[in-house]
$ cat start03.cif   # mmCIF, C-alpha atoms
data_protein
loop_
_atom_site.label_atom_id
_atom_site.label_comp_id
_atom_site.auth_asym_id
_atom_site.auth_seq_id
_atom_site.Cartn_x
_atom_site.Cartn_y
_atom_site.Cartn_z
CA GLN D 1 62.45 69.41 75.77
CA LYS D 2 65.99 69.78 77.00
CA GLU D 3 68.70 68.89 74.51
CA VAL D 4 70.41 66.49 76.91
CA GLU D 5 68.53 64.92 79.80
CA GLN D 6 69.76 62.95 82.78
CA ASN D 7 68.16 61.79 85.98
CA SER D 8 69.64 63.94 88.72
CA GLY D 9 69.69 61.11 91.23
CA PRO D 10 71.19 60.40 93.62
CA LEU D 11 71.75 56.89 92.40
CA SER D 12 72.86 54.79 95.34
CA VAL D 13 74.55 51.43 94.77
CA PRO D 14 76.48 49.13 97.10
CA GLU D 15 80.18 48.62 96.65
CA GLY D 16 80.88 45.95 94.04
CA ALA D 17 77.58 46.42 92.20
CA ILE D 18 77.03 47.71 88.68
CA ALA D 19 75.99 51.35 88.41
CA SER D 20 73.96 52.27 85.34
CA LEU D 21 73.73 55.90 84.28
CA ASN D 22 71.48 57.00 81.45
CA CYS D 23 71.23 59.99 79.15
CA THR D 24 68.87 60.91 76.34
CA TYR D 25 69.36 63.60 73.71
CA SER D 26 67.08 65.40 71.31
CA ASP D 27 69.26 66.08 68.25
CA ARG D 28 68.95 63.00 66.08
CA GLY D 29 71.95 64.02 64.02
CA SER D 30 74.39 64.12 66.94
CA GLN D 31 77.50 62.07 66.31
CA SER D 32 79.75 62.42 69.36
CA PHE D 33 78.98 61.59 72.96
CA PHE D 34 80.98 61.98 76.12
CA TRP D 35 80.82 61.06 79.79
CA TYR D 36 82.54 63.37 82.25
CA ARG D 37 83.02 62.71 85.95
CA GLN D 38 82.99 65.59 88.41
CA TYR D 39 83.95 65.21 92.03
CA SER D 40 82.49 67.71 94.45
CA GLY D 41 84.35 71.00 94.22
CA LYS D 42 86.42 69.85 91.24
CA SER D 43 86.28 70.32 87.49
CA PRO D 44 84.79 67.83 85.03
CA GLU D 45 87.16 65.23 83.61
CA LEU D 46 86.52 63.03 80.59
CA ILE D 47 86.19 59.33 81.29
CA MET D 48 84.64 57.98 78.08
CA SER D 49 83.80 59.06 74.55
CA ILE D 50 81.72 57.09 72.06
CA TYR D 51 80.90 57.75 68.44
CA SER D 52 79.40 54.52 67.05
CA ASN D 53 76.39 52.45 68.00
CA GLY D 54 77.13 49.66 70.41
CA ASP D 55 79.38 49.25 73.40
CA LYS D 56 82.79 50.67 74.18
CA GLU D 57 84.69 49.30 77.14
CA ASP D 58 87.52 50.87 79.12
CA GLY D 59 88.44 49.05 82.29
CA ARG D 60 85.46 49.04 84.62
CA PHE D 61 83.58 51.51 82.42
CA THR D 62 81.36 50.67 79.46
CA ALA D 63 79.63 53.28 77.34
CA GLN D 64 76.63 52.22 75.30
CA LEU D 65 75.16 54.17 72.40
CA ASN D 66 71.87 53.68 70.61
CA LYS D 67 71.38 56.42 68.03
CA ALA D 68 68.00 55.11 66.89
CA SER D 69 66.63 55.51 70.40
CA GLN D 70 68.76 58.60 71.08
CA TYR D 71 70.23 57.41 74.32
CA VAL D 72 73.66 56.83 75.69
CA SER D 73 74.49 55.07 78.92
CA LEU D 74 77.46 54.46 81.17
CA LEU D 75 77.93 51.27 83.13
CA ILE D 76 80.39 51.12 86.01
CA ARG D 77 81.24 47.58 87.05
CA ASP D 78 82.53 46.68 90.50
CA SER D 79 81.57 50.13 91.79
CA GLN D 80 83.89 51.61 94.40
CA PRO D 81 83.26 54.37 96.95
CA SER D 82 85.82 56.41 94.96
CA ASP D 83 83.37 56.36 92.04
CA SER D 84 81.00 58.54 94.06
CA ALA D 85 80.70 61.70 91.98
CA THR D 86 78.42 63.47 89.55
CA TYR D 87 78.48 62.07 86.02
CA LEU D 88 77.81 64.49 83.20
CA CYS D 89 76.63 63.38 79.78
CA ALA D 90 77.71 65.65 76.91
CA VAL D 91 76.64 65.64 73.28
CA ARG D 92 78.24 67.35 70.32
CA LEU D 93 75.43 68.74 68.19
CA SER D 94 75.34 67.82 64.54
CA TYR D 95 74.94 71.39 63.36
CA ASN D 96 77.78 72.77 65.40
CA THR D 97 80.78 70.55 65.59
CA ASP D 98 82.59 72.44 68.34
CA LYS D 99 79.87 72.97 70.89
CA LEU D 100 79.11 70.46 73.63
CA ILE D 101 75.76 70.43 75.37
CA PHE D 102 75.91 69.01 78.88
CA GLY D 103 73.21 67.34 80.87
CA THR D 104 72.70 68.45 84.45
CA GLY D 105 74.40 65.30 85.71
CA THR D 106 73.55 62.26 87.78
CA ARG D 107 74.95 62.04 91.29
CA LEU D 108 76.24 58.56 92.08
CA GLN D 109 76.76 57.37 95.63
CA VAL D 110 78.57 54.08 96.22
CA PHE D 111 78.25 52.90 99.79
CA PRO D 112 80.51 50.34 101.47
CA ASP O 1 102.41 69.19 80.92
CA ALA O 2 100.47 72.02 82.51
CA GLY O 3 96.72 71.82 82.16
CA VAL O 4 94.33 74.68 81.71
CA ILE O 5 95.19 77.43 84.17
CA GLN O 6 92.58 79.76 85.63
CA SER O 7 92.89 82.69 87.96
CA PRO O 8 91.80 83.66 90.46
CA ARG O 9 90.54 80.43 92.02
CA HIS O 10 88.18 82.32 94.28
CA GLU O 11 86.75 85.79 93.92
CA VAL O 12 84.48 87.60 96.35
CA THR O 13 83.23 90.98 95.27
CA GLU O 14 80.41 93.40 95.89
CA MET O 15 77.53 94.04 93.58
CA GLY O 16 78.38 96.61 90.95
CA GLN O 17 82.09 95.86 90.85
CA GLU O 18 83.93 94.71 87.76
CA VAL O 19 85.19 91.14 87.76
CA THR O 20 87.82 89.73 85.41
CA LEU O 21 88.46 86.02 85.14
CA ARG O 22 91.54 84.73 83.36
CA CYS O 23 92.38 81.57 81.48
CA LYS O 24 95.48 80.08 79.90
CA PRO O 25 94.63 77.13 77.64
CA ILE O 26 96.78 74.08 77.08
CA SER O 27 99.62 74.89 74.70
CA GLY O 28 98.76 73.84 71.15
CA HIS O 29 95.02 73.83 71.67
CA ASN O 30 93.10 76.06 69.27
CA SER O 31 89.63 76.08 70.85
CA LEU O 32 88.72 77.73 74.12
CA PHE O 33 85.42 77.54 75.96
CA TRP O 34 83.98 79.49 78.89
CA TYR O 35 81.34 77.72 80.99
CA ARG O 36 79.31 78.66 84.02
CA GLN O 37 78.06 76.08 86.50
CA THR O 38 75.30 76.53 89.05
CA MET O 39 73.21 74.05 91.00
CA MET O 40 70.06 75.20 89.27
CA ARG O 41 71.22 75.33 85.65
CA GLY O 42 74.14 72.94 85.55
CA LEU O 43 77.04 73.52 83.18
CA GLU O 44 76.27 76.15 80.56
CA LEU O 45 78.45 77.22 77.66
CA LEU O 46 78.85 80.99 77.61
CA ILE O 47 81.15 81.52 74.63
CA TYR O 48 83.81 79.72 72.66
CA PHE O 49 86.72 80.70 70.43
CA ASN O 50 88.44 78.97 67.55
CA ASN O 51 91.89 80.26 66.68
CA ASN O 52 91.28 83.29 68.93
CA VAL O 53 88.08 84.24 67.09
CA PRO O 54 84.73 84.20 68.95
CA ILE O 55 82.49 81.69 67.21
CA ASP O 56 79.40 81.42 69.35
CA ASP O 57 78.48 83.81 72.16
CA SER O 58 74.81 82.88 72.29
CA GLY O 59 75.22 81.68 75.85
CA MET O 60 76.44 85.01 77.18
CA PRO O 61 73.61 86.06 79.49
CA GLU O 62 73.63 89.78 78.76
CA ASP O 63 75.72 92.77 77.82
CA ARG O 64 77.33 92.84 81.25
CA PHE O 65 79.40 89.85 80.14
CA SER O 66 82.23 90.12 77.65
CA ALA O 67 85.08 87.83 76.65
CA LYS O 68 88.29 88.35 74.76
CA MET O 69 91.08 86.19 73.46
CA PRO O 70 93.92 88.47 72.37
CA ASN O 71 96.27 85.58 71.63
CA ALA O 72 96.42 81.80 71.61
CA SER O 73 97.56 81.56 75.21
CA PHE O 74 95.25 83.92 77.06
CA SER O 75 91.56 84.70 77.45
CA THR O 76 89.50 86.83 79.80
CA LEU O 77 85.87 86.83 80.85
CA LYS O 78 84.70 90.14 82.27
CA ILE O 79 81.53 90.95 84.15
CA GLN O 80 80.71 94.62 84.55
CA PRO O 81 78.79 95.44 86.65
CA SER O 82 78.53 92.23 88.65
CA GLU O 83 75.29 91.12 90.29
CA PRO O 84 74.56 88.53 93.01
CA ARG O 85 72.94 86.23 90.43
CA ASP O 86 76.32 85.96 88.70
CA SER O 87 77.60 83.92 91.63
CA ALA O 88 78.70 80.58 90.19
CA VAL O 89 81.74 78.54 89.29
CA TYR O 90 83.23 79.62 85.98
CA PHE O 91 85.22 77.05 84.05
CA CYS O 92 87.52 77.51 81.12
CA ALA O 93 88.20 74.53 78.85
CA SER O 94 90.38 74.01 75.81
CA SER O 95 90.64 71.48 73.03
CA PHE O 96 92.32 70.86 69.71
CA ALA O 97 89.41 71.21 67.31
CA GLY O 98 89.34 68.73 64.48
CA ALA O 99 91.32 66.03 66.23
CA PRO O 100 89.70 62.58 66.14
CA ALA O 101 89.11 62.72 69.85
CA ASP O 102 88.91 66.44 70.52
CA THR O 103 88.40 66.22 74.22
CA GLN O 104 87.72 69.37 76.15
CA TYR O 105 90.06 69.73 79.10
CA PHE O 106 88.73 71.81 81.95
CA GLY O 107 90.59 74.16 84.22
CA PRO O 108 90.08 74.11 87.99
CA GLY O 109 87.47 76.86 87.82
CA THR O 110 86.93 80.21 89.48
CA ARG O 111 84.37 80.33 92.26
CA LEU O 112 82.75 83.75 92.08
CA THR O 113 80.68 85.16 94.90
CA VAL O 114 78.96 88.49 94.38
CA LEU O 115 77.62 89.99 97.59
#
$ encode --input "start03.cif" --output "C-alpha cells"
Amino acid sequence: QKEVEQNSGPLSVPEGAIASLNCTYSDRGSQSFFWYRQYSGKSPELIMSIYSNGDKEDGRFTAQLNKASQYVSLLIRDSQPSDSATYLCAVRLSYNTDKLIFGTGTRLQVFP
Amino acid sequence: DAGVIQSPRHEVTEMGQEVTLRCKPISGHNSLFWYRQTMMRGLELLIYFNNNVPIDDSGMPEDRFSAKMPNASFSTLKIQPSEPRDSAVYFCASSFAGAPADTQYFGPGTRLTVL
C-alpha cells in the first residue's frame, strides 16, 4: 500500500462547478497535511495546509480532514479554467517530522 | 524576496558524464530538500538537510548520487556517472523547520536529460 494515494484523473469539471479532490494516507499517526498545485512545467506551490479534523476554508478552496478515516480532501468552488493543474497531496509522517510524502497527484481539467 | 534558486534550469548531457545541480535556499530557512519528479514515480524525496547536516538520504537511488550542503546558502546534487534513467525534473525546496506552518517552498527545478 502506498503511503499517500490519489486518483490520477483527469478529473474534468465544467467552469463554475465544484471540484472534489481526494487523498488517503496509510500512517495513522500523521498530523500535518498539505495540498500543492502544480501547473504543467512549473514547480509545486502550496495552496492549503490542514492539521485538525474538520474543514478549513481559504477563498474558493476548502480542505477537509478526517483522521479516523485517514483521508483528506480539497474542494474547489466556482472552478475556473485557471484551476486546471495537477494537485498534489502531501503528508508529514508522524515518525519523521521533516519529511513530506507526496501522492502522485490528480490532474484537474476545468472546461469553459 | 528571492525564492529558491536552482541552476541550471535545463541540462542535456550524455550517458557517463558527471552532472551537478545547484540550489540556493531561501535566506533564513534551515531545511533543504532535493526531490526528483518523473511521470512514472511522481515526486520523490531524495535527501534532506537540517542546519546543513544530511538527515535522511534513504531516497537516494544509488551510489552514483551524492549531495552536499557546505553552508546554509548552497547545496549541490551530483550524479556521476549519469544514465538515461536519471532523466527527470529535479526540484530543490527549503523550509524553516519547527515553524507552526513550515511550508516547503520549491525552486523552479532543473530538467535533466541524459542521452
$ resolve_selection --input "start03.cif" --expression "the PyMOL selection byres ((chain D) within 12 of (chain O))" --output "compact mmCIF listing (two decimals) with C-alpha atoms, in the coordinates of the input"
# COMPACT_ATOMS: atom_id res chain seq x y z
CA LYS D 2 65.99 69.78 77.00
CA VAL D 4 70.41 66.49 76.91
CA GLU D 5 68.53 64.92 79.80
CA GLN D 6 69.76 62.95 82.78
CA SER D 8 69.64 63.94 88.72
CA SER D 32 79.75 62.42 69.36
CA PHE D 33 78.98 61.59 72.96
CA PHE D 34 80.98 61.98 76.12
CA TRP D 35 80.82 61.06 79.79
CA TYR D 36 82.54 63.37 82.25
CA ARG D 37 83.02 62.71 85.95
CA GLN D 38 82.99 65.59 88.41
CA TYR D 39 83.95 65.21 92.03
CA SER D 40 82.49 67.71 94.45
CA GLY D 41 84.35 71.00 94.22
CA LYS D 42 86.42 69.85 91.24
CA SER D 43 86.28 70.32 87.49
CA PRO D 44 84.79 67.83 85.03
CA GLU D 45 87.16 65.23 83.61
CA LEU D 46 86.52 63.03 80.59
CA ILE D 47 86.19 59.33 81.29
CA MET D 48 84.64 57.98 78.08
CA SER D 49 83.80 59.06 74.55
CA ILE D 50 81.72 57.09 72.06
CA TYR D 51 80.90 57.75 68.44
CA THR D 86 78.42 63.47 89.55
CA TYR D 87 78.48 62.07 86.02
CA LEU D 88 77.81 64.49 83.20
CA CYS D 89 76.63 63.38 79.78
CA ALA D 90 77.71 65.65 76.91
CA VAL D 91 76.64 65.64 73.28
CA ARG D 92 78.24 67.35 70.32
CA ASN D 96 77.78 72.77 65.40
CA THR D 97 80.78 70.55 65.59
CA ASP D 98 82.59 72.44 68.34
CA LYS D 99 79.87 72.97 70.89
CA LEU D 100 79.11 70.46 73.63
CA ILE D 101 75.76 70.43 75.37
CA PHE D 102 75.91 69.01 78.88
CA GLY D 103 73.21 67.34 80.87
CA THR D 104 72.70 68.45 84.45
CA GLY D 105 74.40 65.30 85.71
CA THR D 106 73.55 62.26 87.78
$ atom_distance --input "start03.cif" --atom1 "atom CA of Arg9 of chain O" --atom2 "atom CA of Glu83 of chain O"
18.7 Å
$ atom_distance --input "start03.cif" --atom1 "atom CA of Arg85 of chain O" --atom2 "atom CA of Cys23 of chain O"
21.9 Å
$ resolve_selection --input "start03.cif" --expression "the PyMOL selection byres ((chain O and resi 7) around 8)" --output "VMD selection string"
chain O and resid 5 to 6 8 to 10 21 to 23 109 to 110
$ residues_around --input "start03.cif" --residues "segment 66-70 of chain O" --least-positions-apart "4" --cutoff "10 Å" --atoms "all atoms listed in the file" --output "number ranges by chain"
O: 20-24, 32, 34, 46-54, 57, 60-62, 74-80
$ closest_residue --input "start03.cif" --among "O:Ser58, O:Glu18, O:Tyr35, O:Ser94" --to "Val4 of chain O" --atoms "all atoms listed in the file"
O:Ser94
$ closest_residue --input "start03.cif" --among "D:Ser30, D:Ser84, D:Ser79, D:Ser94" --to "Leu65 of chain D" --atoms "only C-alpha atoms"
D:Ser30
$ atom_distance --input "start03.cif" --atom1 "atom CA of Ala17 of chain D" --atom2 "atom CA of Ala68 of chain D"
28.4 Å
